[in-house]
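**Q** Please see the structure below; I have some questions.
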Amino acid sequence: MKNKVLKVLALGLLLSPGITEAQKNNVIHVETKTITGKIAPTMWGVFFEDINMGADGGIYAELVKNRSFEFFRPLMGWTVNGAKVKEGDLLILNRAPVATANPRFLRATVRNTAQGEAGLKNEGFRGMGIKQGLRYDFSVLYRQQQPGVSLHIQLLNSGGKVIGDTVLTPSQQDTAWHKQAVSFHATETEQKATLQLWLEGNGTIDLDMISLFPEDTWKRRPGGMRADMIQLLADMKPGFIRFPGGCIVEGFDLSQRYQWKKTIGPVEERQLIINRWNFEFAHRPAPDYFQTFGLGFFEYFQLAEDIGAEPLPILNCGMACQFNSAELVPLDELDPYIQDALDLIEFANGDTNTTWGKVRANMGHPAPFHLKMMGVGNENWGPQYVDRLKRFTKAIKEKYPEIKLVNSSGTDPDGERFDYLNKELRDMHADIIDEHYYRPPQWFMQNARRYDNYPRNGSKVFAGEYAAQSDKTVSIYNKNNWLTALSEAAFMTGLERNAAVVDMASYAPLFAHTDGWQWTPDLIWVDNLRSYGTPNYYVQQLFSLNKGTATVPVHMHNEVIAGQDSLYAAAALDEKSHELIIKLVNVSDKEQAYTVELDAKPAASAKLTVLQSEDVNSVNSFDQPGRISPEDTEIKLPGKRFPLKVAPRSLNVLRIRL
C-alpha cells in the first residue's frame with residue numbers, strides 16, 4: 001500500500017494544503033442539484049465482431065481448425081502423415097444435398113496399422129494453447145463402415161514431444177452416425193501445440209466434427225467460450241453487447257451475409273461460411289479465416305445475459321457491403337429479410353409455445369432473453385438504404401412497437417452521406433442513429449463538444465464504432481498507445497456530458513489475436529494462452545464502472561470544460577449510492593492546478609482513480625499488461641471547496657459521497 005500511495009503522490013494528484021493564486025482563477029464548479037440529463041444504463045458497452053480471429057481462434061474455445069472439413073480447401077489446417085497411408089486411404093466425401101449445412105466428412109481406411117503409421121495432424125488456430133494439468137475434452141462424430149479402427153489422440157508441443165494422449169475406441173458398430181467423447185490431461189504448458197490423430201487397427205471409419213476443448217471454458221460450459229477473454233468483458237460491466245459485428249453482417253456479397261438462423265441448433269448443423277476478413281486486406285491475408293458458428297446467436301444472447309449486458313443484434317437489411325459488391329435485394333424480394341428480423345425477436349422473447357421461442361427453449365433456455373433493441377443494417381447509406389429501412393421499420397413496429405431500432409448513418413461522422421442520412425433518419429423519427437468515427441487523436445479532442453447542440457428531443461445517438469488511429473485508418477502501424485486512449489477519454493467526457501442525446505457508445509474492434517489480426521487498433525489483445533487490456537480498454541472500463549445515473553453541470557469560467565487549459569470534464573450523480581462522480585482528463589504535458597467547488601457538502605474522504613502516463617507512445621503488452629492501468633487511493637476533503645492538482649496526460653475519476 002505504501003508504494004501505491006507513493007506512486008499517486010508522484011503523479012501530483014493529491015490535495016495540497018493551500019490554494020494558490022492560479023487555482024483561485026481556475027475554479028471547477030459542479031452543480032450537484034441540477035440534473036441536465038439521465039444516463040442510460042446502456043451508455044457504455046462493447047462491440048463484438050469476428051475480425052482479428054475474434055470468434056474462431058478467439059473467444060470460441062474450440063482448438064481444432066476446420067474440424068468438419070468445410071473450408072474451401074477441405075484439408076486446410078490438416079496434414080496427412082504416416083508411412084502406411086496409401087493413395088485413396090483418406091478421402092473427403094461430400095453428401096450434399098442430403099446434408100447441406102455440413103456436407104463433407106473424412107473416410108479413412110487402414111490396414112493393420114499401428115501407432116505412427118497412418119494419421120492426421122491439426123495445426124489449430126496459429127497453434128493450440130495448452131495448459132499443464134488441465135483436462136482436454138476430445139469428441140468426434142463417426143460411423144463404422146468396417147469396424148476395427150481406434151483413434152490414438154496426442155497433443156504435441158512445438159518440438160514434437162507428446163504432452164498428453166488417450167485412445168478412443170468406437171463403441172457403436174453400426175453404420176449410423178454417433179458422437180463419442182474422451183478426456184485426458186496435459187503434462188506441459190505449450191503456446192503452439194498441435195493435435196495428432198493416429199488411426200490404428202484394421203477397417204474403415206467416417207469422421208466428422210473432430211473437436212478439442214479445454215475444460216476451463218467460461219462458466220465451465222462444454223463447448224463454450226474462452227474464460228479469460230470473457231472475464232475481461234465482464235470486468236467492464238458493459239451496458240450492452242453489439243453482435244455479431246459490422247461488416248460481416250453485410251458480407252462481400254449477399255451470399256456471404258450473416259444469417260442468424262444458420263447459427264443456432266446443434267453445432268454440427270450450423271452452416272459454415274467464409275469470413276469476409278479472409279480476403280479483405282492484401283496486406284493481411286487470412287486464407288484460413290472462416291466462420292464455423294460454434295459461436296452463434298444463441299451463444300451471443302447467453303453471453304449478454306452472463307455479463308449483465310443488453311443484447312444488441314444487428315441484421316442484414318438486404319444490402320451487401322457497399323465498399324465491395326454493393327449488391328442489393330430488390331424491394332419486392334425483401335420480405336424474407338424482414339421476416340428474419342421478426343423471427344429473431346420471437347426467438348429472443350417469445351414464449352415456449354411460439355415457433356421460435358420453442359427453438360430457444362429446446363436449446364436449453366426456456367426463459368426469454370428480453371431483447372429490447374435491434375440494429376437494421378450496418379454502415380449502409382444512400383436512398384437505397386432508406387427505402388429498405390422504412391420497410392423494416394414499418395413491419396417491426398407494427399408487431400413489436402416496444403423494440404427500439406438502431407439505424408446506420410453511414411461510414412463517417414460528416415460529409416454528404418452523413419448529412420443526407422442524418423436528415424432522413426430524423427425525419428423518420430428514428431429511435432437511435434448509429435454514428436461511426438475512426439479518426440486521428442486530434443479529431444477526438446477537437447470534437448468533445450460535438451453533441452452540445454444536438455436536439456435534446458427526438459432521435460438518440462449511438463456512438464457505435466470509434467477508435468483513435470495513431471497512424472491512419474486501415475494502417476498496420478496503428479498502435480493502442482496512451483495518446484489514442486487519452487484522446488478517446490477526452491471525447492468520452494463530451495458523450496457523457498450529452499447523455500440526454502447519446503444513449504450508447506462502444507469502441508471497435510474489440511479483440512485481436514497477435515498472430516491473426518487484420519485491423520488495428522483493438523481494445524483487447526490475445527495470444528493462445530494470454531490476454532491483456534490496452535490503455536484504451538482501461539479508459540472504457542473506468543467510464544463504464546463510474547457511469548452514474550444522471551449528468552450534472554461542471555463548468556469553468558461559466559463554460560463547459562472541453563479543451564480549456566487542455567482539460568476536459570464531465571460530472572454525474574449516482575443516485576443509488578448518493579455519490580458525485582467527476583471525470584477530469586488533462587491532455588497537456590504539464591500538471592494543472594485547480595480548485596473544485598461543490599454546492600453540496602461532501603463526505604470527509606473520497607476515492608480517486610488515476611490512469612496516467614507521461615509517455616504518449618507508451619503501450620501495454622503481454623510482458624507488461626498493466627504498464628498503464630488504474631491506480632486507486634483515498635483522499636481527504638476539507639469541505640465544499642478544495643484544491644486539486646491534475647497530473648500531466650491523465651484520466652482522473654473522483655467519487656465523492658454527498
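FYI, nothing fancy with the C-alpha cells labels: chains A, B, ... in order, residues from 1 per chain, ligands from 1 as they appear.
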Got a sec: who's within 7 Å of region 40-52 of chain A, counting only C-alpha atoms, leaving out chain neighbours fewer than 3 positions off, as JSON, numbers by chain?

**A** {"A": [55, 238, 239, 240, 241, 242, 243, 244, 245, 246, 277, 503, 504, 505, 506, 507, 508, 509, 510, 511, 512, 513, 516, 517, 518, 519, 544]}

**Q** Can you write just those residues out, C-alpha atoms, as a short mmCIF file (atom, residue, chain, number, x, y, z; two decimals), in the first residue's frame?

**A**
```
data_model
loop_
_atom_site.label_atom_id
_atom_site.label_comp_id
_atom_site.auth_asym_id
_atom_site.auth_seq_id
_atom_site.Cartn_x
_atom_site.Cartn_y
_atom_site.Cartn_z
CA ALA A 55 -14.50 -15.84 -32.62
CA PRO A 238 -20.84 -3.18 -20.12
CA GLY A 239 -24.37 -1.89 -20.56
CA PHE A 240 -24.80 -3.72 -23.86
CA ILE A 241 -23.03 -6.02 -26.29
CA ARG A 242 -23.50 -5.44 -30.00
CA PHE A 243 -23.15 -8.54 -32.20
CA PRO A 244 -22.34 -10.30 -34.49
CA GLY A 245 -20.33 -7.38 -35.84
CA GLY A 246 -20.25 -4.74 -38.50
CA TRP A 277 -11.91 -10.62 -43.49
CA ASP A 503 -27.69 6.64 -25.28
CA MET A 504 -24.87 4.21 -26.14
CA ALA A 505 -21.21 4.12 -27.13
CA SER A 506 -18.72 1.34 -27.93
CA TYR A 507 -15.10 1.16 -29.02
CA ALA A 508 -14.27 -1.02 -32.04
CA PRO A 509 -12.89 -3.53 -32.81
CA LEU A 510 -12.90 -5.45 -29.55
CA PHE A 511 -10.42 -8.37 -29.83
CA ALA A 512 -7.27 -9.09 -31.82
CA HIS A 513 -5.04 -12.17 -31.93
CA GLY A 516 -4.01 -13.39 -36.74
CA TRP A 517 -5.15 -9.76 -36.83
CA GLN A 518 -6.38 -7.84 -39.88
CA TRP A 519 -7.15 -4.44 -38.32
CA SER A 544 -18.31 2.11 -17.55
#
```

**Q** Might you pull out every residue within 10 Å of Val64 (chain A), with only C-alpha atoms counted and same-chain residues fewer than 6 positions away left off, and present them as a VMD selection string?

**A** chain A and resid 56 to 57 77 to 78 121 to 125 127 to 128 138 194 to 195 209 to 213

**Q** Write a file of the selected residues as an mmCIF file, in the first residue's frame, keeping C-alpha atoms.

**A**
```cif
data_model
loop_
_atom_site.group_PDB
_atom_site.id
_atom_site.type_symbol
_atom_site.label_atom_id
_atom_site.label_comp_id
_atom_site.auth_asym_id
_atom_site.auth_seq_id
_atom_site.Cartn_x
_atom_site.Cartn_y
_atom_site.Cartn_z
ATOM 1 C CA ASP A 56 -12.869 -18.969 -34.092
ATOM 2 C CA GLY A 57 -9.391 -18.955 -32.591
ATOM 3 C CA GLY A 77 -5.268 -26.998 -41.245
ATOM 4 C CA TRP A 78 -4.656 -30.743 -41.501
ATOM 5 C CA LYS A 121 -2.252 -33.682 -37.600
ATOM 6 C CA ASN A 122 -4.175 -30.450 -36.936
ATOM 7 C CA GLU A 123 -2.301 -27.161 -36.512
ATOM 8 C CA GLY A 124 -5.021 -25.307 -34.632
ATOM 9 C CA PHE A 125 -5.539 -21.561 -34.920
ATOM 10 C CA GLY A 127 -1.168 -23.332 -32.833
ATOM 11 C CA MET A 128 -3.070 -24.549 -29.784
ATOM 12 C CA PHE A 138 -11.947 -34.634 -27.355
ATOM 13 C CA THR A 194 -0.694 -29.448 -32.381
ATOM 14 C CA LEU A 195 -3.175 -32.326 -32.293
ATOM 15 C CA MET A 209 -16.653 -32.690 -36.281
ATOM 16 C CA ILE A 210 -13.258 -33.586 -34.816
ATOM 17 C CA SER A 211 -13.139 -31.338 -31.749
ATOM 18 C CA LEU A 212 -10.957 -30.458 -28.756
ATOM 19 C CA PHE A 213 -11.954 -28.087 -25.931
#
```

**Q** Report, in Å with one decimal, the straight-line distance from CA of Gly133 (chain A) to CA of Ala186 (chain A).

**A**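 Value for the CA of Gly133 (chain A)-CA of Ala186 (chain A) distance: 5.2 Å.
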
**Q** Provide the CA of His283 (chain A) to CA of Ile476 (chain A) distance in Å, to one decimal place.

**A**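 These two atoms are separated by 8.1 Å.
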
**Q** When you look at Val167 (chain A) with a cut-off of 8 Å (counting only C-alpha atoms), what residues show up, excluding the ones that are within fewer than 2 positions of it in the same chain? I need them as a ChimeraX atom specification.

**A** /A:150-153,165,169,182

**Q** Keeping only C-alpha atoms, write the selected residues to a file as a short mmCIF file (atom, residue, chain, number, x, y, z; two decimals), in the first residue's frame.

**A**
```cif
data_model
loop_
_atom_site.label_atom_id
_atom_site.label_comp_id
_atom_site.auth_asym_id
_atom_site.auth_seq_id
_atom_site.Cartn_x
_atom_site.Cartn_y
_atom_site.Cartn_z
CA SER A 150 -9.45 -46.86 -32.96
CA LEU A 151 -8.18 -43.30 -32.62
CA HIS A 152 -4.98 -42.60 -30.71
CA ILE A 153 -5.13 -38.92 -29.74
CA ASP A 165 -2.62 -38.63 -25.02
CA THR A 169 -12.32 -46.87 -29.33
CA VAL A 182 -12.93 -38.93 -24.30
#
```

**Q** I'd like to know which residues of region 452-486 of chain A are helix (DSSP H, G or I) (by DSSP, run on the backbone); could you write them as number ranges by chain?

**A** A: 482-486

**Q** Give me the residues near Asp599 (chain A) as a count of residues only, where near means some atom within 9 Å (using only C-alpha atoms) and where sequence neighbours in that chain fewer than 4 positions away do not count.

**A** 7
